[in-house]
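A.B. asks: Here you go, input.csv (CSV, C-alpha atoms):
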chain,number,residue,atom,x,y,z
H,26,MET,CA,0.0,0.0,0.0
H,27,THR,CA,1.5,3.4,-1.0
H,28,GLY,CA,1.6,6.3,1.4
H,29,ASN,CA,-1.3,8.0,-0.4
H,30,ASP,CA,-3.5,4.8,-0.3
H,31,ARG,CA,-2.7,4.4,3.4
H,32,HIS,CA,-3.8,8.0,4.0
H,33,GLN,CA,-7.0,7.6,2.0
H,34,ALA,CA,-7.9,4.4,3.8
H,35,PHE,CA,-7.3,6.0,7.1
H,36,SER,CA,-9.3,9.2,6.2
H,37,SER,CA,-12.2,7.0,5.2
H,38,VAL,CA,-12.2,5.0,8.4
H,39,LEU,CA,-11.9,8.2,10.4
H,40,GLN,CA,-14.8,9.8,8.6
H,41,GLN,CA,-17.0,6.7,9.1
H,42,HIS,CA,-16.2,6.4,12.8
H,43,ALA,CA,-15.6,10.0,13.8
H,44,GLY,CA,-18.4,9.7,16.3
H,45,ILE,CA,-16.2,7.5,18.5
H,46,VAL,CA,-13.5,10.2,18.6
H,47,PHE,CA,-16.0,13.0,19.5
H,48,LYS,CA,-17.8,10.9,22.1
H,49,VAL,CA,-14.6,10.0,23.8
H,50,ALA,CA,-13.3,13.6,23.6
H,51,ASN,CA,-16.6,14.9,25.0
H,52,THR,CA,-16.6,12.4,27.8
H,53,TYR,CA,-13.1,13.2,29.0
H,54,ALA,CA,-12.6,16.9,28.2
H,55,ARG,CA,-14.6,19.7,29.8
H,56,LEU,CA,-14.0,22.9,27.8
H,57,PRO,CA,-14.8,23.2,24.1
H,58,GLU,CA,-11.1,24.1,23.2
H,59,ASP,CA,-9.9,21.2,25.4
H,60,ARG,CA,-12.4,18.8,23.7
H,61,ALA,CA,-11.2,19.9,20.2
H,62,ASP,CA,-7.6,19.5,21.3
H,63,LEU,CA,-8.2,16.0,22.7
H,64,ALA,CA,-10.1,15.0,19.5
H,65,GLN,CA,-7.1,16.1,17.5
H,66,GLU,CA,-4.8,14.2,19.7
H,67,ILE,CA,-6.8,11.1,19.4
H,68,ALA,CA,-6.9,11.4,15.7
H,69,ALA,CA,-3.2,11.9,15.6
H,70,GLN,CA,-2.5,8.8,17.7
H,71,LEU,CA,-5.0,6.8,15.5
H,72,TRP,CA,-2.9,7.8,12.5
H,73,HIS,CA,0.2,6.9,14.3
H,74,ALA,CA,-1.2,3.4,15.2
H,75,TRP,CA,-2.8,2.9,11.8
H,76,PRO,CA,0.2,1.0,10.2
H,77,LYS,CA,-0.1,-1.7,12.8
H,78,TYR,CA,-3.9,-2.0,12.6
H,79,ASP,CA,-5.0,-5.5,11.7
H,80,THR,CA,-7.8,-5.1,9.2
H,81,ALA,CA,-9.2,-8.6,10.2
H,82,ARG,CA,-10.2,-7.1,13.5
H,83,SER,CA,-13.0,-4.8,14.5
H,84,VAL,CA,-12.2,-1.2,13.6
H,85,SER,CA,-14.5,0.2,16.3
H,86,THR,CA,-12.7,-1.9,19.0
H,87,TRP,CA,-9.3,-0.6,17.8
H,88,MET,CA,-10.6,3.0,17.7
H,89,TYR,CA,-12.1,2.8,21.1
H,90,ARG,CA,-8.9,1.4,22.6
H,91,VAL,CA,-6.7,4.1,21.1
H,92,ALA,CA,-9.2,6.9,21.9
H,93,LEU,CA,-9.8,5.8,25.5
H,94,ASN,CA,-6.0,5.3,26.1
H,95,VAL,CA,-5.2,8.7,24.8
H,96,ALA,CA,-8.1,10.3,26.7
H,97,ILE,CA,-7.2,8.7,30.0
H,98,SER,CA,-3.6,9.8,29.7
H,99,HIS,CA,-4.8,13.3,28.8
H,100,VAL,CA,-7.1,13.4,31.9
H,101,ARG,CA,-4.2,12.4,34.1
H,102,VAL,CA,-1.9,15.1,32.8
H,103,GLN,CA,-4.7,17.7,32.9
H,104,ALA,CA,-5.5,16.8,36.5
H,105,LEU,CA,-2.4,18.7,37.7
H,106,ARG,CA,-3.1,21.7,35.4
H,107,ASN,CA,-6.7,21.9,36.5
H,108,ARG,CA,-5.6,22.2,40.2
H,109,HIS,CA,-4.3,25.7,39.3
H,110,ASP,CA,-6.8,26.6,36.6
H,111,ALA,CA,-10.1,25.2,37.8
H,112,VAL,CA,-13.3,25.8,35.9
H,113,PRO,CA,-16.5,25.9,38.0
H,114,LEU,CA,-18.6,22.8,37.3
H,115,ASP,CA,-21.8,24.7,36.6
H,116,GLU,CA,-20.2,26.9,34.0
H,117,ASP,CA,-18.7,23.8,32.4
H,118,LEU,CA,-22.0,21.9,32.3
H,119,HIS,CA,-23.9,24.9,31.0
H,120,ASP,CA,-21.5,25.0,28.1
H,121,MET,CA,-21.9,21.3,27.4
H,122,ALA,CA,-25.6,21.2,27.6
H,123,GLY,CA,-26.6,24.6,26.4
H,124,ALA,CA,-26.5,24.3,22.6
H,125,LEU,CA,-29.3,21.6,22.2
H,126,ALA,CA,-31.9,21.6,24.9
H,127,PRO,CA,-35.1,21.3,22.9
H,128,ASP,CA,-37.0,21.3,26.2
H,129,HIS,CA,-36.3,22.0,29.8
H,130,GLU,CA,-36.6,18.4,31.0
H,131,SER,CA,-34.2,16.9,28.5
H,132,GLU,CA,-31.8,19.7,29.3
H,133,GLN,CA,-32.0,18.8,33.0
H,134,HIS,CA,-31.5,15.1,32.2
H,135,LEU,CA,-28.5,15.9,30.1
H,136,ARG,CA,-27.0,18.1,32.8
H,137,LEU,CA,-27.5,15.4,35.4
H,138,LEU,CA,-25.9,12.8,33.2
H,139,GLN,CA,-23.0,15.0,32.4
H,140,ALA,CA,-22.5,15.8,36.1
H,141,PHE,CA,-22.5,12.1,36.8
H,142,ILE,CA,-20.0,11.4,34.0
H,143,ALA,CA,-17.7,14.2,35.3
H,144,ARG,CA,-17.7,12.7,38.8
H,145,GLN,CA,-16.4,9.3,37.5
H,146,PRO,CA,-12.7,8.3,37.7
H,147,PRO,CA,-11.1,7.7,34.3
H,148,LEU,CA,-11.6,3.9,34.1
H,149,GLU,CA,-15.2,4.0,35.3
H,150,ARG,CA,-15.9,6.7,32.8
H,151,ALA,CA,-14.6,4.4,30.0
H,152,LEU,CA,-17.0,1.7,31.1
H,153,LEU,CA,-19.9,4.2,31.4
H,154,LEU,CA,-19.3,5.5,27.9
H,155,LEU,CA,-19.2,2.0,26.4
H,156,TYR,CA,-22.3,1.0,28.2
H,157,LEU,CA,-24.3,4.2,27.2
H,158,ASP,CA,-23.0,3.6,23.6
H,159,GLU,CA,-24.6,0.1,23.8
H,160,ARG,CA,-21.5,-1.7,22.8
H,161,PRO,CA,-21.8,-5.5,23.2
H,162,GLN,CA,-20.2,-6.9,26.5
H,163,ARG,CA,-17.7,-8.9,24.4
H,164,GLU,CA,-16.5,-5.8,22.8
H,165,ILE,CA,-16.3,-3.9,26.1
H,166,ALA,CA,-14.2,-6.7,27.5
H,167,GLU,CA,-11.9,-6.5,24.5
H,168,ILE,CA,-11.5,-2.8,24.7
H,169,LEU,CA,-10.9,-2.6,28.5
H,170,GLY,CA,-8.9,-5.9,28.7
H,171,ILE,CA,-11.1,-7.6,31.3
H,172,SER,CA,-13.3,-10.7,31.2
H,173,GLU,CA,-16.8,-10.7,29.9
H,174,ALA,CA,-18.0,-11.9,33.3
H,175,ASN,CA,-16.3,-9.0,34.9
H,176,VAL,CA,-17.9,-6.6,32.5
H,177,SER,CA,-21.3,-8.0,33.3
H,178,THR,CA,-20.7,-7.5,37.0
H,179,LYS,CA,-19.4,-4.0,36.6
H,180,ILE,CA,-22.3,-3.0,34.4
H,181,GLY,CA,-24.8,-4.3,36.9
H,182,ARG,CA,-23.1,-2.1,39.6
H,183,LEU,CA,-23.0,0.8,37.2
H,184,LYS,CA,-26.7,0.6,36.5
H,185,GLN,CA,-27.4,0.5,40.2
H,186,ARG,CA,-25.3,3.6,40.8
H,187,LEU,CA,-27.0,5.4,37.9
H,188,ARG,CA,-30.4,4.6,39.4
H,189,ASP,CA,-29.3,5.6,42.9
H,190,GLU,CA,-27.5,8.8,41.9
H,191,LEU,CA,-29.7,10.2,39.0
D,21,MET,CA,-35.8,15.0,39.5
D,22,THR,CA,-35.1,11.3,39.1
D,23,MET,CA,-34.1,9.5,35.9
D,24,ASP,CA,-34.7,6.0,34.9
D,25,LEU,CA,-32.3,4.1,32.6
D,26,ASP,CA,-34.4,5.0,29.5
D,27,ASP,CA,-34.1,8.7,30.4
D,28,ILE,CA,-30.3,8.3,30.8
D,29,LYS,CA,-29.9,6.5,27.4
D,30,SER,CA,-32.2,9.1,25.8
D,31,ALA,CA,-30.0,12.0,27.3
D,32,TRP,CA,-26.9,10.3,25.9
D,33,GLN,CA,-28.5,9.9,22.5
D,34,THR,CA,-29.4,13.6,22.5
D,35,LEU,CA,-25.8,14.5,23.2
D,36,ASP,CA,-24.7,12.0,20.5
D,37,ALA,CA,-27.0,13.7,18.0
D,38,ARG,CA,-25.5,17.1,18.8
D,39,LEU,CA,-22.0,15.8,18.4
D,40,ALA,CA,-22.9,14.3,15.1
D,41,ARG,CA,-24.0,17.8,13.9
D,42,GLN,CA,-20.6,19.2,15.0
D,43,ASP,CA,-18.6,16.5,13.4
D,44,ALA,CA,-18.4,18.1,10.0
D,45,LEU,CA,-17.2,21.3,11.6
D,46,GLN,CA,-14.6,19.8,13.8
D,47,LEU,CA,-13.2,17.1,11.5
D,48,GLU,CA,-11.2,19.6,9.5
D,49,LEU,CA,-9.2,20.3,12.7
D,50,LEU,CA,-8.0,16.7,12.8
D,51,ARG,CA,-5.2,17.2,10.4
D,52,GLY,CA,-2.0,19.0,10.7
D,53,GLN,CA,0.0,20.1,13.8
D,54,LYS,CA,-1.3,17.4,16.2
D,55,GLN,CA,0.2,14.6,14.1
D,56,ALA,CA,3.6,16.3,14.4
D,57,GLN,CA,3.0,16.9,18.1
D,58,ALA,CA,2.2,13.2,18.7
D,59,ARG,CA,5.6,12.4,17.5
D,60,ARG,CA,7.2,15.2,19.5
D,61,ASN,CA,5.6,14.3,22.9
D,62,LEU,CA,8.2,11.7,23.8
D,63,ARG,CA,11.2,13.7,22.7
D,64,PRO,CA,12.0,15.5,26.0
D,65,LEU,CA,11.9,12.2,27.9
D,66,LEU,CA,14.1,10.4,25.3
D,67,PHE,CA,16.5,13.3,25.1
D,68,GLY,CA,16.8,13.2,28.9
D,69,MET,CA,17.4,9.5,28.9
D,70,ALA,CA,20.0,9.9,26.1
D,71,LEU,CA,21.9,12.4,28.2
D,72,GLN,CA,21.7,10.1,31.2
D,73,ALA,CA,23.1,7.2,29.2
D,74,MET,CA,26.0,9.4,27.9
D,75,LEU,CA,26.7,10.5,31.5
D,76,GLY,CA,26.7,6.8,32.4
D,77,ILE,CA,29.2,6.0,29.7
D,78,GLY,CA,31.4,8.9,31.0
D,79,LEU,CA,31.1,7.4,34.6
D,80,VAL,CA,32.0,3.9,33.4
D,81,LEU,CA,35.1,5.3,31.5
D,82,LEU,CA,36.2,7.4,34.5
D,83,GLY,CA,35.5,4.5,36.9
D,84,VAL,CA,37.4,1.9,34.8
D,85,GLY,CA,40.3,4.3,34.4
D,86,CYS,CA,40.4,5.0,38.1
D,87,TRP,CA,40.3,1.4,39.4
D,88,HIS,CA,42.6,0.1,36.7
D,89,ASN,CA,45.3,2.7,37.6
D,90,ASN,CA,45.0,2.1,41.3
D,91,LEU,CA,44.7,-1.6,42.0
D,92,ASP,CA,47.0,-1.1,45.0
D,93,VAL,CA,45.2,2.0,46.5
D,94,PRO,CA,42.1,0.7,48.3
D,95,GLY,CA,40.3,4.2,48.5
D,96,LEU,CA,40.8,4.9,44.8
D,97,LEU,CA,40.0,1.3,43.8
D,98,ALA,CA,36.7,1.5,45.7
D,99,ALA,CA,35.9,4.9,44.2
D,100,GLY,CA,36.6,3.6,40.7
D,101,ILE,CA,34.5,0.5,41.2
D,102,ALA,CA,31.6,2.7,42.6
D,103,LEU,CA,31.8,5.0,39.6
D,104,HIS,CA,31.8,2.0,37.2
D,105,ALA,CA,28.8,0.5,38.9
D,106,PHE,CA,26.8,3.9,38.9
D,107,GLY,CA,27.7,4.3,35.3
D,108,ILE,CA,26.2,0.9,34.4
D,109,LEU,CA,23.1,1.8,36.5
D,110,HIS,CA,22.7,5.1,34.7
D,111,ILE,CA,22.9,3.4,31.3
D,112,ALA,CA,20.6,0.5,32.2
D,113,LEU,CA,17.8,2.6,33.7
D,114,ALA,CA,18.0,5.1,30.8
D,115,GLY,CA,17.6,2.1,28.5
D,116,ILE,CA,14.7,0.6,30.5
D,117,VAL,CA,12.8,3.9,30.7
D,118,SER,CA,13.3,4.7,27.0
D,119,GLY,CA,12.2,1.1,26.1
D,120,LEU,CA,9.1,1.3,28.1
D,121,ALA,CA,8.1,4.7,26.8
D,122,THR,CA,8.7,4.0,23.1
D,123,THR,CA,6.9,0.7,23.1
D,124,LEU,CA,3.7,2.1,24.7
D,125,ASP,CA,1.1,0.9,22.1
D,126,TYR,CA,-2.2,2.7,22.5
D,127,ALA,CA,-4.0,0.0,20.5
D,128,LEU,CA,-3.6,-2.4,23.4
D,129,PRO,CA,-6.5,-2.9,25.9
D,130,VAL,CA,-7.1,0.0,28.3
D,131,LEU,CA,-6.1,-1.9,31.5
D,132,ALA,CA,-2.9,-3.2,29.8
D,133,ILE,CA,-1.8,0.3,29.0
D,134,GLN,CA,-2.7,1.6,32.4
D,135,LYS,CA,-0.6,-1.2,34.0
D,136,ARG,CA,2.3,-0.4,31.6
D,137,LEU,CA,2.0,3.3,32.5
D,138,ARG,CA,2.1,2.5,36.2
D,139,LEU,CA,5.2,0.4,35.6
D,140,LEU,CA,6.8,3.3,33.6
D,141,LEU,CA,6.0,5.7,36.4
D,142,ARG,CA,7.5,3.3,39.0
D,143,VAL,CA,10.7,2.8,37.0
D,144,GLN,CA,11.0,6.6,36.6
D,145,VAL,CA,10.7,7.1,40.3
D,146,LEU,CA,13.3,4.3,40.8
D,147,ASN,CA,15.5,6.0,38.3
D,148,SER,CA,15.4,9.3,40.0
D,149,ASN,CA,16.1,7.6,43.4
D,150,LEU,CA,19.0,5.5,42.2
D,151,CYS,CA,20.6,7.8,39.6
D,152,GLY,CA,19.5,11.3,40.8
D,153,ALA,CA,19.7,11.3,44.6
D,154,PRO,CA,23.2,9.7,44.9
D,155,TRP,CA,24.7,12.7,43.1
D,156,TRP,CA,24.9,14.2,46.6
D,157,VAL,CA,27.9,11.8,47.0
D,158,LEU,CA,28.7,11.0,43.4
D,159,TRP,CA,30.2,14.4,42.6
D,160,VAL,CA,32.8,13.7,45.3
D,161,LEU,CA,33.5,10.3,43.7
D,162,VAL,CA,33.9,12.0,40.3
D,163,VAL,CA,36.5,14.3,41.8
D,164,ILE,CA,38.3,11.3,43.4
D,165,GLY,CA,38.0,9.5,40.1
D,166,PHE,CA,39.7,12.3,38.2
D,167,ALA,CA,42.4,12.5,40.9
D,168,GLY,CA,42.9,8.7,40.4
D,169,LEU,CA,43.6,9.2,36.7
D,170,SER,CA,46.6,11.4,37.4
D,171,PRO,CA,49.9,9.6,36.9
D,172,GLU,CA,51.2,11.3,40.1
D,173,ARG,CA,50.5,9.6,43.4
D,174,VAL,CA,47.5,11.0,45.3
D,175,PRO,CA,48.7,12.5,48.6
D,176,ALA,CA,47.8,10.5,51.7
D,177,PRO,CA,45.9,10.9,54.1
D,178,THR,CA,42.7,11.8,52.3
D,179,PRO,CA,41.9,15.5,52.6
D,180,THR,CA,39.4,16.5,55.3
D,181,TRP,CA,37.1,18.2,52.9
D,182,ILE,CA,36.6,14.9,51.0
D,183,TRP,CA,35.4,13.2,54.3
D,184,ILE,CA,33.2,16.1,55.2
D,185,SER,CA,31.7,16.1,51.7
D,186,LEU,CA,31.1,12.4,51.8
D,187,VAL,CA,29.3,12.7,55.2
D,188,ILE,CA,27.1,15.6,54.0
D,189,GLY,CA,26.4,13.8,50.7
D,190,THR,CA,25.4,10.6,52.5
D,191,ILE,CA,23.1,12.5,54.8
D,192,GLY,CA,21.6,14.3,51.8
D,193,THR,CA,21.1,11.1,49.8
D,194,LEU,CA,19.4,9.4,52.8
D,195,ALA,CA,17.2,12.5,53.4
D,196,THR,CA,16.2,12.5,49.7
D,197,TRP,CA,15.3,8.8,49.8
D,198,LEU,CA,13.3,9.3,53.0
D,199,TRP,CA,11.3,12.1,51.3
D,200,ALA,CA,10.8,9.9,48.2
D,201,ALA,CA,9.7,7.0,50.4
D,202,ARG,CA,6.6,8.8,51.4
D,203,GLY,CA,5.2,7.8,48.0
D,204,THR,CA,5.2,4.2,49.1
D,205,ARG,CA,3.2,4.9,52.2
D,206,GLY,CA,-0.1,4.2,50.4
D,207,PRO,CA,-2.5,6.4,48.4
D,208,ARG,CA,-4.3,7.8,51.4
D,209,ASP,CA,-1.3,9.0,53.4
D,210,PRO,CA,-1.2,12.8,53.5
D,211,LEU,CA,2.6,12.8,53.3
D,212,ALA,CA,2.5,10.7,50.2
D,213,ARG,CA,0.1,13.2,48.6
D,214,MET,CA,2.4,16.2,49.2
D,215,ASP,CA,3.5,18.0,46.0
D,216,ASP,CA,6.8,16.8,44.6
D,217,GLY,CA,7.0,19.5,42.0
D,218,ALA,CA,7.1,17.2,38.9
D,219,ASP,CA,3.9,15.3,40.0
D,220,GLY,CA,5.7,12.0,39.4
D,221,ILE,CA,4.9,10.3,42.7
D,222,ARG,CA,1.3,11.6,42.9
D,223,ARG,CA,0.6,10.7,39.3
D,224,SER,CA,1.9,7.2,40.0
D,225,LEU,CA,-0.4,7.0,43.1
D,226,ARG,CA,-3.4,8.1,41.1
D,227,VAL,CA,-2.9,5.4,38.4
D,228,TYR,CA,-2.3,2.9,41.2
D,229,GLU,CA,-5.5,4.0,43.1
D,230,ASP,CA,-7.7,4.0,39.9
D,231,LEU,CA,-6.4,0.6,38.9
D,232,GLU,CA,-6.8,-0.9,42.4
D,233,ARG,CA,-10.4,0.4,42.6
D,234,PHE,CA,-11.4,-0.7,39.1
D,235,GLU,CA,-10.1,-4.2,39.5
D,236,ARG,CA,-11.5,-4.6,43.0
D,237,GLU,CA,-15.1,-3.3,42.3
Please go through the file and, once you have read it, give me the structure as structure tokens.

C.D. replies:
Amino acid sequence: MTGNDRHQAFSSVLQQHAGIVFKVANTYARLPEDRADLAQEIAAQLWHAWPKYDTARSVSTWMYRVALNVAISHVRVQALRNRHDAVPLDEDLHDMAGALAPDHESEQHLRLLQAFIARQPPLERALLLLYLDERPQREIAEILGISEANVSTKIGRLKQRLRDEL
Amino acid sequence: MTMDLDDIKSAWQTLDARLARQDALQLELLRGQKQAQARRNLRPLLFGMALQAMLGIGLVLLGVGCWHNNLDVPGLLAAGIALHAFGILHIALAGIVSGLATTLDYALPVLAIQKRLRLLLRVQVLNSNLCGAPWWVLWVLVVIGFAGLSPERVPAPTPTWIWISLVIGTIGTLATWLWAARGTRGPRDPLARMDDGADGIRRSLRVYEDLERFERE
């Protein structure tokens, strides 16, 4: 495969699955510029990892793995910066929820969900994202590197916490 | 207001729909400078490790020269062997840190990468403790090592300032190790959480804590 073909194949995969990049960026970054920055970083790392991608395997699993690994590393580095440059949570949530809100109730729901996501530690956030995205348990297990039985247990607990806290 | 699981999924889909509308706008941003930056991210670490390895080679050469020239002078022989050993340690740890950092493959499962990252942070902390802190003493050994290369006989007895520097250096090294050891007290210990400037110990603790909790729950 020539360099140009490789680039075209990657661009097409990225276009098809761009939603994964944006969902992960949105789940792990708070401010719009930070989200755009993280989305770019994920795309750059996907391009970096592309030569080693095995086309026989699921592209969404590969993309989720790279995207979540980049996002979790990003969150850990940002954690130190945010100590000195904290953004009030309300302002942050307003920014994330504000643009759509067709009605008051769905806006409230979205705010509650985003506040819940923001409270989760990085690994739990990955599980929550994959669960909300309705990925099969087998794929969640492959992405996170845990057994399917473990995924099932964790999702059961996660659902309970969602019910309790929202 | 309470939400059931259907409301939660519906809120998530609403967010998803909004993101889909923004995709076209933001996708253009995905090209360009970030790709170059992804390759540049590791450069400071690798540059630092290359410098450490070169310093290690210098220490090995100095140490070998010193002990080889002074097989009959116990103090210089010991200083030469210590320099030789520290040189090897500098090279080996620089190689291990560089190897771990450059083989970090983000396409591996999330937990595998987190464990790898935890290992990298631990080795970095070990590296700073074994190759950084002993420089309290090592500079004195370097001075002795250079003296040992001279064809002229080093005057005996050993100058007092060497002994004083060795004592101060040993105290300094031990104090630095004690300060660093707070990181091993456990994630909830307030001393362990104290800022270490570079955030290395606390970052390592955060990864440890997150992994522990995720695997336990």

A.B. asks: Select, counting all atoms listed in the file, all protein, DNA and RNA residues no farther than 9 Å from (9.0, 6.3, 25.0) in file coordinates, and express the selection as a list of chain:residue names.

C.D. replies: D:Asn61, D:Leu62, D:Arg63, D:Leu65, D:Leu66, D:Val117, D:Ser118, D:Gly119, D:Leu120, D:Ala121, D:Thr122, D:Thr123, D:Leu124

A.B. asks: Atom CA of H:Ile97 to atom CA of H:Pro147: how many Å, to one decimal?

C.D. replies: 5.9 Å

A.B. asks: Would you be able to write out as a ChimeraX atom specification which residues have an atom within 12 Å of (-31.1, 4.8, 34.0) in the file's coordinates, counting all atoms listed in the file?

C.D. replies: /H:134,137-138,141,153,156-157,180-191 /D:22-32

A.B. asks: So how far away is atom CA of D:Leu35 from atom CA of D:Tyr126, in Å?

C.D. replies: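 Separation of atom CA of D:Tyr126 and atom CA of D:Leu35: 26.4 Å.
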
A.B. asks: Please measure the separation of atom CA of D:Pro177 and atom CA of D:Ala153, giving the value in Å to one decimal.

C.D. replies: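 The value is 27.9 Å.
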
A.B. asks: Got a sec: who's within 12 Å of H:Lys179, counting only C-alpha atoms, leaving out chain neighbours fewer than 5 positions off, as a tab-separated table (two decimals) with C-alpha atoms, keeping the file's coordinate frame?

C.D. replies:
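Dumped everything to around11.tsv:
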chain	number	residue	atom	x	y	z
H	148	LEU	CA	-11.60	3.90	34.10
H	149	GLU	CA	-15.20	4.00	35.30
H	150	ARG	CA	-15.90	6.70	32.80
H	151	ALA	CA	-14.60	4.40	30.00
H	152	LEU	CA	-17.00	1.70	31.10
H	153	LEU	CA	-19.90	4.20	31.40
H	155	LEU	CA	-19.20	2.00	26.40
H	156	TYR	CA	-22.30	1.00	28.20
H	162	GLN	CA	-20.20	-6.90	26.50
H	165	ILE	CA	-16.30	-3.90	26.10
H	166	ALA	CA	-14.20	-6.70	27.50
H	169	LEU	CA	-10.90	-2.60	28.50
H	171	ILE	CA	-11.10	-7.60	31.30
H	172	SER	CA	-13.30	-10.70	31.20
H	173	GLU	CA	-16.80	-10.70	29.90
H	174	ALA	CA	-18.00	-11.90	33.30
H	184	LYS	CA	-26.70	0.60	36.50
H	185	GLN	CA	-27.40	0.50	40.20
H	186	ARG	CA	-25.30	3.60	40.80
D	233	ARG	CA	-10.40	0.40	42.60
D	234	PHE	CA	-11.40	-0.70	39.10
D	235	GLU	CA	-10.10	-4.20	39.50
D	236	ARG	CA	-11.50	-4.60	43.00
D	237	GLU	CA	-15.10	-3.30	42.30

A.B. asks: Using all atoms listed in the file for the distances, tell me which of D:Gln134, D:Gly68, D:Asp125, D:Ala99 is nearest to D:Glu229.

C.D. replies: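 Ranking D:Gln134, D:Gly68, D:Asp125, D:Ala99 by distance to D:Glu229, first place goes to D:Gln134.
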
A.B. asks: Nearest residue to chain H out of D:Ile191, D:Ala112, D:Ile77, D:Ala132, using all atoms listed in the file?

C.D. replies: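 Using all atoms listed in the file, the shortest distance to chain H belongs to D:Ala132.
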
A.B. asks: If you count all atoms listed in the file, which residues fall within 8 Å of D:Val130, apart from same-chain ones fewer than 6 positions away, as JSON, numbers by chain?

C.D. replies: {"H": [90, 93, 94, 168, 169, 170]}

A.B. asks: Fewer than 2 positions away in the same chain doesn't count, so skip those; otherwise give me all residues within 12 Å of H:Arg31, counting all atoms listed in the file, as an NGL selection string.

C.D. replies: :H and (26-29 or 33-38 or 72-78)

A.B. asks: Once you have the residues from the selection above, write them out as a short mmCIF file (atom, residue, chain, number, x, y, z; two decimals), in the frame of the given file, restricted to C-alpha atoms.

C.D. replies:
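Saved the output as again-v8.cif:
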data_model
loop_
_atom_site.label_atom_id
_atom_site.label_comp_id
_atom_site.auth_asym_id
_atom_site.auth_seq_id
_atom_site.Cartn_x
_atom_site.Cartn_y
_atom_site.Cartn_z
CA MET H 26 0.00 0.00 0.00
CA THR H 27 1.50 3.40 -1.00
CA GLY H 28 1.60 6.30 1.40
CA ASN H 29 -1.30 8.00 -0.40
CA GLN H 33 -7.00 7.60 2.00
CA ALA H 34 -7.90 4.40 3.80
CA PHE H 35 -7.30 6.00 7.10
CA SER H 36 -9.30 9.20 6.20
CA SER H 37 -12.20 7.00 5.20
CA VAL H 38 -12.20 5.00 8.40
CA TRP H 72 -2.90 7.80 12.50
CA HIS H 73 0.20 6.90 14.30
CA ALA H 74 -1.20 3.40 15.20
CA TRP H 75 -2.80 2.90 11.80
CA PRO H 76 0.20 1.00 10.20
CA LYS H 77 -0.10 -1.70 12.80
CA TYR H 78 -3.90 -2.00 12.60
#

A.B. asks: Using only C-alpha atoms for the distances, tell me which of D:Thr193, D:Asp36, D:Val80, D:Leu109 is nearest to chain H.

C.D. replies: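 So, comparing all the options, the nearest one is D:Asp36.
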